[in-house]
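Listing of input07.txt; format and content: compact mmCIF, N, CA and C atoms.
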```txt
# COMPACT_ATOMS: atom_id res chain seq x y z
N MET A 715 2.32 -0.13 14.71
CA MET A 715 2.03 -0.41 13.31
C MET A 715 3.29 -0.96 12.64
N ILE A 716 3.13 -2.07 11.94
CA ILE A 716 4.20 -2.66 11.15
C ILE A 716 4.14 -2.05 9.75
N LYS A 717 5.29 -1.60 9.25
CA LYS A 717 5.33 -0.96 7.94
C LYS A 717 6.23 -1.74 6.99
N ILE A 718 5.67 -2.06 5.80
CA ILE A 718 6.36 -2.86 4.80
C ILE A 718 6.49 -2.05 3.51
N MET A 719 7.70 -2.05 2.94
CA MET A 719 7.93 -1.43 1.64
C MET A 719 8.38 -2.53 0.68
N PHE A 720 7.59 -2.77 -0.37
CA PHE A 720 7.98 -3.69 -1.43
C PHE A 720 8.78 -2.91 -2.47
N ILE A 721 9.84 -3.53 -2.98
CA ILE A 721 10.77 -2.82 -3.86
C ILE A 721 11.09 -3.66 -5.09
N CYS A 722 11.02 -3.01 -6.27
CA CYS A 722 11.51 -3.62 -7.51
C CYS A 722 12.21 -2.53 -8.32
N HIS A 723 12.56 -2.85 -9.54
CA HIS A 723 13.33 -1.91 -10.36
C HIS A 723 12.55 -0.64 -10.69
N GLY A 724 11.35 -0.79 -11.27
CA GLY A 724 10.63 0.39 -11.76
C GLY A 724 9.39 0.77 -10.99
N ASN A 725 8.92 -0.11 -10.08
CA ASN A 725 7.70 0.12 -9.30
C ASN A 725 6.46 0.21 -10.19
N ILE A 726 6.46 -0.60 -11.27
CA ILE A 726 5.26 -0.67 -12.10
C ILE A 726 4.77 -2.10 -12.29
N CYS A 727 5.60 -3.11 -12.02
CA CYS A 727 5.18 -4.50 -12.23
C CYS A 727 5.09 -5.27 -10.92
N ARG A 728 6.24 -5.74 -10.42
CA ARG A 728 6.26 -6.64 -9.27
C ARG A 728 5.93 -5.99 -7.94
N SER A 729 6.57 -4.87 -7.62
CA SER A 729 6.34 -4.29 -6.28
C SER A 729 4.93 -3.74 -6.10
N PRO A 730 4.31 -3.10 -7.11
CA PRO A 730 2.91 -2.71 -6.89
C PRO A 730 1.99 -3.92 -6.84
N MET A 731 2.32 -4.98 -7.59
CA MET A 731 1.52 -6.20 -7.50
C MET A 731 1.58 -6.73 -6.07
N ALA A 732 2.78 -6.80 -5.51
CA ALA A 732 2.94 -7.27 -4.13
C ALA A 732 2.24 -6.34 -3.14
N GLU A 733 2.36 -5.04 -3.36
CA GLU A 733 1.72 -4.07 -2.46
C GLU A 733 0.22 -4.33 -2.37
N PHE A 734 -0.43 -4.45 -3.51
CA PHE A 734 -1.89 -4.53 -3.48
C PHE A 734 -2.40 -5.94 -3.18
N VAL A 735 -1.65 -6.96 -3.53
CA VAL A 735 -2.01 -8.32 -3.13
C VAL A 735 -1.90 -8.42 -1.60
N MET A 736 -0.83 -7.88 -1.04
CA MET A 736 -0.64 -7.92 0.41
C MET A 736 -1.71 -7.10 1.13
N LYS A 737 -2.03 -5.92 0.61
CA LYS A 737 -3.08 -5.10 1.22
C LYS A 737 -4.40 -5.86 1.24
N ASP A 738 -4.69 -6.57 0.15
CA ASP A 738 -5.93 -7.36 0.08
C ASP A 738 -5.92 -8.46 1.13
N MET A 739 -4.82 -9.17 1.26
CA MET A 739 -4.70 -10.24 2.27
C MET A 739 -4.85 -9.67 3.69
N ILE A 740 -4.20 -8.54 3.93
CA ILE A 740 -4.25 -7.91 5.25
C ILE A 740 -5.67 -7.48 5.59
N GLU A 741 -6.35 -6.90 4.60
CA GLU A 741 -7.74 -6.47 4.82
C GLU A 741 -8.63 -7.66 5.14
N LYS A 742 -8.46 -8.76 4.40
CA LYS A 742 -9.27 -9.96 4.63
C LYS A 742 -9.01 -10.59 6.00
N GLU A 743 -7.82 -10.37 6.54
CA GLU A 743 -7.46 -10.88 7.87
C GLU A 743 -7.85 -9.90 8.98
N GLY A 744 -8.36 -8.73 8.60
CA GLY A 744 -8.75 -7.73 9.59
C GLY A 744 -7.55 -7.06 10.26
N LEU A 745 -6.45 -6.95 9.54
CA LEU A 745 -5.22 -6.40 10.12
C LEU A 745 -4.82 -5.04 9.54
N SER A 746 -5.72 -4.41 8.81
CA SER A 746 -5.39 -3.13 8.15
C SER A 746 -4.99 -2.04 9.13
N ASP A 747 -5.45 -2.13 10.35
CA ASP A 747 -5.10 -1.11 11.35
C ASP A 747 -3.75 -1.40 12.01
N ARG A 748 -3.14 -2.56 11.69
CA ARG A 748 -1.87 -2.94 12.31
C ARG A 748 -0.71 -3.06 11.34
N ILE A 749 -1.02 -3.13 10.03
CA ILE A 749 0.05 -3.31 9.03
C ILE A 749 -0.16 -2.31 7.89
N PHE A 750 0.88 -1.54 7.59
CA PHE A 750 0.87 -0.57 6.50
C PHE A 750 1.78 -1.08 5.39
N VAL A 751 1.33 -0.97 4.15
CA VAL A 751 2.10 -1.48 3.01
C VAL A 751 2.23 -0.42 1.93
N SER A 752 3.42 -0.34 1.34
CA SER A 752 3.69 0.58 0.24
C SER A 752 4.66 -0.11 -0.72
N SER A 753 5.04 0.59 -1.78
CA SER A 753 6.03 0.04 -2.72
C SER A 753 6.80 1.17 -3.38
N SER A 754 7.99 0.81 -3.88
CA SER A 754 8.84 1.82 -4.52
C SER A 754 9.81 1.14 -5.50
N ALA A 755 10.54 2.00 -6.20
CA ALA A 755 11.50 1.56 -7.22
C ALA A 755 12.92 1.88 -6.78
N THR A 756 13.87 1.13 -7.32
CA THR A 756 15.27 1.49 -7.12
C THR A 756 15.75 2.43 -8.22
N SER A 757 15.02 2.48 -9.34
CA SER A 757 15.41 3.35 -10.46
C SER A 757 14.49 4.55 -10.55
N THR A 758 14.80 5.44 -11.47
CA THR A 758 13.95 6.62 -11.70
C THR A 758 13.19 6.52 -13.02
N GLU A 759 13.38 5.44 -13.76
CA GLU A 759 12.85 5.32 -15.12
C GLU A 759 11.33 5.48 -15.24
N GLU A 760 10.60 4.96 -14.26
CA GLU A 760 9.14 4.92 -14.37
C GLU A 760 8.42 5.85 -13.40
N ILE A 761 9.17 6.72 -12.71
CA ILE A 761 8.58 7.58 -11.69
C ILE A 761 7.38 8.34 -12.27
N GLY A 762 6.27 8.28 -11.55
CA GLY A 762 5.05 8.96 -11.96
C GLY A 762 4.14 8.14 -12.85
N ASN A 763 4.60 6.97 -13.30
CA ASN A 763 3.78 6.12 -14.16
C ASN A 763 2.89 5.18 -13.33
N PRO A 764 1.72 4.84 -13.88
CA PRO A 764 0.84 3.89 -13.19
C PRO A 764 1.39 2.47 -13.32
N PRO A 765 0.81 1.51 -12.59
CA PRO A 765 1.25 0.12 -12.76
C PRO A 765 1.15 -0.33 -14.22
N HIS A 766 2.03 -1.24 -14.58
CA HIS A 766 2.06 -1.82 -15.93
C HIS A 766 0.71 -2.47 -16.24
N ARG A 767 0.32 -2.47 -17.50
CA ARG A 767 -0.97 -3.04 -17.89
C ARG A 767 -1.09 -4.52 -17.50
N GLY A 768 0.04 -5.26 -17.51
CA GLY A 768 0.01 -6.67 -17.10
C GLY A 768 -0.31 -6.82 -15.62
N THR A 769 0.24 -5.95 -14.79
CA THR A 769 -0.07 -5.94 -13.36
C THR A 769 -1.52 -5.51 -13.15
N ARG A 770 -1.94 -4.49 -13.87
CA ARG A 770 -3.34 -4.03 -13.74
C ARG A 770 -4.30 -5.15 -14.13
N LYS A 771 -3.98 -5.90 -15.18
CA LYS A 771 -4.85 -6.98 -15.64
C LYS A 771 -5.00 -8.05 -14.55
N ILE A 772 -3.88 -8.44 -13.93
CA ILE A 772 -3.92 -9.43 -12.84
C ILE A 772 -4.77 -8.90 -11.68
N LEU A 773 -4.48 -7.69 -11.23
CA LEU A 773 -5.21 -7.12 -10.09
C LEU A 773 -6.69 -6.94 -10.41
N ASP A 774 -7.00 -6.49 -11.62
CA ASP A 774 -8.41 -6.35 -12.03
C ASP A 774 -9.13 -7.70 -11.99
N SER A 775 -8.46 -8.75 -12.45
CA SER A 775 -9.08 -10.08 -12.47
C SER A 775 -9.37 -10.59 -11.07
N LEU A 776 -8.63 -10.09 -10.09
CA LEU A 776 -8.82 -10.50 -8.69
C LEU A 776 -9.73 -9.54 -7.93
N GLY A 777 -10.15 -8.48 -8.60
CA GLY A 777 -11.00 -7.48 -7.93
C GLY A 777 -10.24 -6.67 -6.89
N ILE A 778 -8.93 -6.50 -7.11
CA ILE A 778 -8.08 -5.76 -6.17
C ILE A 778 -7.80 -4.37 -6.75
N SER A 779 -8.16 -3.34 -6.00
CA SER A 779 -7.97 -1.97 -6.44
C SER A 779 -6.51 -1.53 -6.29
N TYR A 780 -6.05 -0.73 -7.23
CA TYR A 780 -4.72 -0.12 -7.20
C TYR A 780 -4.86 1.38 -7.48
N ASP A 781 -6.06 1.90 -7.24
CA ASP A 781 -6.34 3.31 -7.51
C ASP A 781 -5.32 4.23 -6.86
N GLY A 782 -4.86 5.20 -7.62
CA GLY A 782 -3.96 6.22 -7.10
C GLY A 782 -2.50 5.82 -7.05
N LYS A 783 -2.16 4.62 -7.53
CA LYS A 783 -0.76 4.18 -7.47
C LYS A 783 0.01 4.70 -8.67
N TYR A 784 1.11 5.36 -8.36
CA TYR A 784 2.06 5.82 -9.36
C TYR A 784 3.46 5.51 -8.83
N ALA A 785 4.36 5.18 -9.71
CA ALA A 785 5.71 4.77 -9.32
C ALA A 785 6.43 5.89 -8.57
N VAL A 786 7.08 5.49 -7.48
CA VAL A 786 7.93 6.39 -6.68
C VAL A 786 9.26 5.69 -6.45
N GLN A 787 10.28 6.48 -6.13
CA GLN A 787 11.60 5.90 -5.87
C GLN A 787 11.84 5.75 -4.38
N LEU A 788 12.51 4.66 -4.02
CA LEU A 788 12.97 4.42 -2.65
C LEU A 788 13.88 5.57 -2.23
N LYS A 789 13.73 6.00 -0.97
CA LYS A 789 14.56 7.08 -0.43
C LYS A 789 15.36 6.54 0.76
N LYS A 790 16.48 7.14 1.02
CA LYS A 790 17.31 6.76 2.16
C LYS A 790 16.49 6.79 3.45
N SER A 791 15.64 7.78 3.60
CA SER A 791 14.83 7.93 4.83
C SER A 791 13.82 6.79 5.02
N ASP A 792 13.51 6.06 3.93
CA ASP A 792 12.58 4.93 4.06
C ASP A 792 13.13 3.87 5.01
N TYR A 793 14.44 3.81 5.15
CA TYR A 793 15.03 2.83 6.06
C TYR A 793 14.51 3.03 7.49
N ASP A 794 14.46 4.27 7.90
CA ASP A 794 13.98 4.58 9.26
C ASP A 794 12.47 4.47 9.38
N ASP A 795 11.76 4.66 8.28
CA ASP A 795 10.30 4.69 8.31
C ASP A 795 9.64 3.32 8.19
N TYR A 796 10.36 2.31 7.71
CA TYR A 796 9.76 0.98 7.46
C TYR A 796 10.46 -0.10 8.26
N ASP A 797 9.69 -1.13 8.62
CA ASP A 797 10.21 -2.27 9.37
C ASP A 797 10.78 -3.35 8.44
N TYR A 798 10.18 -3.47 7.27
CA TYR A 798 10.62 -4.46 6.28
C TYR A 798 10.80 -3.77 4.94
N LEU A 799 11.96 -3.97 4.31
CA LEU A 799 12.23 -3.49 2.96
C LEU A 799 12.37 -4.75 2.11
N VAL A 800 11.30 -5.10 1.41
CA VAL A 800 11.17 -6.41 0.77
C VAL A 800 11.37 -6.29 -0.74
N CYS A 801 12.49 -6.79 -1.21
CA CYS A 801 12.85 -6.71 -2.62
C CYS A 801 12.37 -7.94 -3.39
N MET A 802 12.24 -7.78 -4.70
CA MET A 802 11.76 -8.87 -5.53
C MET A 802 12.87 -9.79 -6.00
N ASP A 803 14.11 -9.29 -6.06
CA ASP A 803 15.22 -10.15 -6.49
C ASP A 803 16.54 -9.62 -5.95
N SER A 804 17.61 -10.36 -6.21
CA SER A 804 18.94 -10.01 -5.70
C SER A 804 19.45 -8.69 -6.27
N TYR A 805 19.11 -8.42 -7.53
CA TYR A 805 19.49 -7.16 -8.17
C TYR A 805 18.87 -5.98 -7.42
N ASN A 806 17.60 -6.11 -7.02
CA ASN A 806 16.94 -5.05 -6.27
C ASN A 806 17.56 -4.86 -4.89
N ILE A 807 18.01 -5.96 -4.27
CA ILE A 807 18.68 -5.88 -2.97
C ILE A 807 19.94 -5.00 -3.10
N ARG A 808 20.75 -5.28 -4.12
CA ARG A 808 21.98 -4.50 -4.31
C ARG A 808 21.67 -3.02 -4.55
N ASN A 809 20.70 -2.75 -5.41
CA ASN A 809 20.37 -1.35 -5.71
C ASN A 809 19.72 -0.64 -4.53
N ALA A 810 18.89 -1.34 -3.78
CA ALA A 810 18.28 -0.74 -2.59
C ALA A 810 19.36 -0.41 -1.56
N ALA A 811 20.32 -1.31 -1.41
CA ALA A 811 21.42 -1.08 -0.46
C ALA A 811 22.24 0.15 -0.85
N ARG A 812 22.36 0.40 -2.14
CA ARG A 812 23.08 1.60 -2.59
C ARG A 812 22.33 2.87 -2.18
N ILE A 813 21.02 2.79 -2.15
CA ILE A 813 20.20 3.95 -1.79
C ILE A 813 20.15 4.15 -0.28
N ILE A 814 19.89 3.07 0.46
CA ILE A 814 19.69 3.22 1.91
C ILE A 814 20.98 3.18 2.70
N GLY A 815 22.04 2.62 2.12
CA GLY A 815 23.30 2.49 2.86
C GLY A 815 23.31 1.23 3.69
N ASP A 816 23.91 1.30 4.86
CA ASP A 816 24.03 0.13 5.73
C ASP A 816 22.66 -0.36 6.19
N ASP A 817 22.60 -1.65 6.54
CA ASP A 817 21.37 -2.28 7.00
C ASP A 817 21.61 -2.93 8.38
N PRO A 818 21.89 -2.09 9.40
CA PRO A 818 22.23 -2.65 10.71
C PRO A 818 21.08 -3.42 11.37
N CYS A 819 19.86 -3.13 10.99
CA CYS A 819 18.70 -3.79 11.60
C CYS A 819 18.23 -5.01 10.81
N GLY A 820 18.87 -5.28 9.68
CA GLY A 820 18.49 -6.44 8.88
C GLY A 820 17.10 -6.33 8.28
N LYS A 821 16.73 -5.14 7.84
CA LYS A 821 15.40 -4.91 7.26
C LYS A 821 15.29 -5.35 5.81
N LEU A 822 16.42 -5.38 5.10
CA LEU A 822 16.44 -5.67 3.67
C LEU A 822 16.37 -7.18 3.44
N CYS A 823 15.39 -7.61 2.66
CA CYS A 823 15.20 -9.04 2.37
C CYS A 823 14.51 -9.19 1.02
N LYS A 824 14.36 -10.44 0.59
CA LYS A 824 13.62 -10.72 -0.64
C LYS A 824 12.27 -11.34 -0.27
N LEU A 825 11.27 -11.07 -1.07
CA LEU A 825 9.93 -11.58 -0.79
C LEU A 825 9.91 -13.09 -0.68
N LEU A 826 10.62 -13.77 -1.56
CA LEU A 826 10.59 -15.23 -1.52
C LEU A 826 11.44 -15.82 -0.38
N ASP A 827 12.13 -14.97 0.40
CA ASP A 827 12.76 -15.44 1.63
C ASP A 827 11.69 -15.99 2.58
N PHE A 828 10.46 -15.54 2.41
CA PHE A 828 9.35 -15.98 3.26
C PHE A 828 8.62 -17.18 2.68
N ALA A 829 9.13 -17.70 1.56
CA ALA A 829 8.45 -18.83 0.89
C ALA A 829 9.47 -19.74 0.19
N GLY A 830 10.51 -20.09 0.90
CA GLY A 830 11.46 -21.05 0.36
C GLY A 830 12.65 -20.48 -0.38
N GLY A 831 12.69 -19.18 -0.61
CA GLY A 831 13.83 -18.54 -1.25
C GLY A 831 13.68 -18.37 -2.76
N GLY A 832 14.60 -17.61 -3.33
CA GLY A 832 14.61 -17.37 -4.76
C GLY A 832 14.26 -15.95 -5.14
N ASP A 833 14.29 -15.71 -6.43
CA ASP A 833 13.96 -14.39 -6.99
C ASP A 833 12.63 -14.45 -7.72
N ILE A 834 11.91 -13.34 -7.71
CA ILE A 834 10.69 -13.23 -8.51
C ILE A 834 11.09 -12.65 -9.85
N SER A 835 10.83 -13.40 -10.92
CA SER A 835 11.25 -12.96 -12.25
C SER A 835 10.49 -11.70 -12.66
N ASP A 836 11.15 -10.88 -13.43
CA ASP A 836 10.60 -9.59 -13.85
C ASP A 836 9.75 -9.78 -15.10
N PRO A 837 8.42 -9.59 -14.99
CA PRO A 837 7.56 -9.79 -16.15
C PRO A 837 7.75 -8.73 -17.23
N TRP A 838 8.44 -7.66 -16.90
CA TRP A 838 8.78 -6.66 -17.92
C TRP A 838 9.59 -7.34 -19.03
N TYR A 839 10.44 -8.29 -18.62
CA TYR A 839 11.29 -9.01 -19.56
C TYR A 839 10.69 -10.35 -19.99
N THR A 840 10.04 -11.07 -19.05
CA THR A 840 9.52 -12.40 -19.36
C THR A 840 8.15 -12.35 -20.02
N GLY A 841 7.38 -11.30 -19.71
CA GLY A 841 6.00 -11.21 -20.21
C GLY A 841 5.03 -12.11 -19.46
N ASP A 842 5.53 -12.88 -18.47
CA ASP A 842 4.70 -13.85 -17.75
C ASP A 842 4.21 -13.27 -16.42
N PHE A 843 3.17 -12.47 -16.48
CA PHE A 843 2.62 -11.86 -15.28
C PHE A 843 1.91 -12.88 -14.39
N ASP A 844 1.42 -13.97 -14.98
CA ASP A 844 0.77 -15.01 -14.19
C ASP A 844 1.78 -15.70 -13.27
N LEU A 845 2.95 -16.03 -13.79
CA LEU A 845 3.99 -16.64 -12.96
C LEU A 845 4.43 -15.67 -11.87
N THR A 846 4.60 -14.42 -12.23
CA THR A 846 4.99 -13.40 -11.25
C THR A 846 3.94 -13.33 -10.15
N TYR A 847 2.67 -13.33 -10.53
CA TYR A 847 1.60 -13.28 -9.53
C TYR A 847 1.67 -14.49 -8.59
N GLU A 848 1.86 -15.67 -9.13
CA GLU A 848 1.93 -16.88 -8.28
C GLU A 848 3.06 -16.76 -7.26
N ASP A 849 4.23 -16.27 -7.70
CA ASP A 849 5.36 -16.08 -6.78
C ASP A 849 5.08 -14.98 -5.76
N VAL A 850 4.49 -13.88 -6.22
CA VAL A 850 4.14 -12.78 -5.31
C VAL A 850 3.14 -13.26 -4.26
N LYS A 851 2.14 -13.97 -4.70
CA LYS A 851 1.11 -14.48 -3.77
C LYS A 851 1.75 -15.40 -2.72
N ARG A 852 2.59 -16.32 -3.18
CA ARG A 852 3.26 -17.25 -2.27
C ARG A 852 4.14 -16.51 -1.26
N GLY A 853 4.88 -15.51 -1.74
CA GLY A 853 5.72 -14.71 -0.86
C GLY A 853 4.92 -13.90 0.14
N CYS A 854 3.83 -13.30 -0.32
CA CYS A 854 2.98 -12.51 0.57
C CYS A 854 2.32 -13.39 1.64
N GLU A 855 1.90 -14.57 1.24
CA GLU A 855 1.32 -15.50 2.21
C GLU A 855 2.34 -15.87 3.29
N GLY A 856 3.58 -16.12 2.87
CA GLY A 856 4.63 -16.45 3.82
C GLY A 856 4.96 -15.28 4.74
N LEU A 857 5.04 -14.09 4.19
CA LEU A 857 5.30 -12.89 5.00
C LEU A 857 4.16 -12.67 5.98
N LEU A 858 2.94 -12.81 5.55
CA LEU A 858 1.79 -12.61 6.43
C LEU A 858 1.82 -13.60 7.60
N LYS A 859 2.21 -14.83 7.35
CA LYS A 859 2.33 -15.82 8.44
C LYS A 859 3.34 -15.35 9.47
N VAL A 860 4.47 -14.82 9.01
CA VAL A 860 5.50 -14.30 9.93
C VAL A 860 4.94 -13.13 10.73
N LEU A 861 4.23 -12.23 10.08
CA LEU A 861 3.70 -11.04 10.75
C LEU A 861 2.62 -11.38 11.76
N LYS A 862 1.88 -12.42 11.51
CA LYS A 862 0.79 -12.81 12.42
C LYS A 862 1.29 -13.47 13.70
N LYS A 863 2.54 -13.93 13.69
CA LYS A 863 3.10 -14.60 14.89
C LYS A 863 3.41 -13.60 16.00
```
Turn the structure described in the file into structure tokens.
Amino acid sequence: MIKIMFICHGNICRSPMAEFVMKDMIEKEGLSDRIFVSSSATSTEEIGNPPHRGTRKILDSLGISYDGKYAVQLKKSDYDDYDYLVCMDSYNIRNAARIIGDDPCGKLCKLLDFAGGGDISDPWYTGDFDLTYEDVKRGCEGLLKVLKK
């Protein structure tokens, strides 16, 4: 089983969006028994909170369930438990590295590394959940292509 952890600052906007978009793609490809997906935060600010209303609106419009999702924080032990630690931006990479320590296996990466590079902007600040979704979708599609090889 391949295990993926999506990571952002609060685990209420970008990383849960990526988690559930990816789960939907995996299910449609018939790969749910081979790929496990989760998400977490580098901060403690939103722990226990559900996804942001902007993320919920996007997922609802796509018919993608996020039932039971509440923000959790990345743990050092997640490094051993996951194959990919996929951050939304460079800031998340730095903060995740502070939590997990060294990355000898090269598990830490950014989602858009699978789609031409770059950072996924934080809709908490931009308010543009549609743009975030387009970037998340593009990144998830690229990651899925890598996983299918």
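We find atom C of Pro837 of chain A and atom C of Asp797 of chain A to be spaced 26.4 Å apart.
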(request) Go through segment 751-854 of chain A and collect every residue that DSSP, computed from the backbone, puts in strand (DSSP E); the answer should be as a count of residues only. (result) 12
Counting only C-alpha atoms, give me one row per residue of segment 826-850 of chain A with an atom at most 12 Å from an atom of segment 731-742 of chain A, showing the shortest contact pair and its distance in Å to one decimal, sorted by chain then residue number, as JSON lines.
```
{"residue": "A:Leu826", "atom": "CA", "partner": "A:Ala732", "partner_atom": "CA", "distance": 11.3}
{"residue": "A:Ile834", "atom": "CA", "partner": "A:Ala732", "partner_atom": "CA", "distance": 10.7}
{"residue": "A:Asp836", "atom": "CA", "partner": "A:Met731", "partner_atom": "CA", "distance": 11.6}
{"residue": "A:Pro837", "atom": "CA", "partner": "A:Met731", "partner_atom": "CA", "distance": 11.1}
{"residue": "A:Phe843", "atom": "CA", "partner": "A:Met731", "partner_atom": "CA", "distance": 9.7}
{"residue": "A:Asp844", "atom": "CA", "partner": "A:Met731", "partner_atom": "CA", "distance": 11.1}
{"residue": "A:Thr846", "atom": "CA", "partner": "A:Met731", "partner_atom": "CA", "distance": 8.8}
{"residue": "A:Tyr847", "atom": "CA", "partner": "A:Met731", "partner_atom": "CA", "distance": 7.4}
{"residue": "A:Glu848", "atom": "CA", "partner": "A:Ala732", "partner_atom": "CA", "distance": 10.5}
{"residue": "A:Asp849", "atom": "CA", "partner": "A:Ala732", "partner_atom": "CA", "distance": 9.5}
{"residue": "A:Val850", "atom": "CA", "partner": "A:Ala732", "partner_atom": "CA", "distance": 5.8}
```
(request) Measuring atom to atom with only C-alpha atoms, identify which of A:Cys854, A:Ile721, A:Leu861, A:Cys727 is nearest to Tyr839 of chain A. (result)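 Closest candidate: A:Cys727.
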(request) Rounded to one decimal place, report the atom N of Gly820 of chain A-atom N of Tyr793 of chain A distance in Å. (result) 11.1 Å
(message) Ranking A:Asn725, A:Cys823, A:Asp817, A:Ser753 by minimum distance to Pro765 of chain A and counting all atoms listed in the file, which one comes first?
(response) A:Asn725
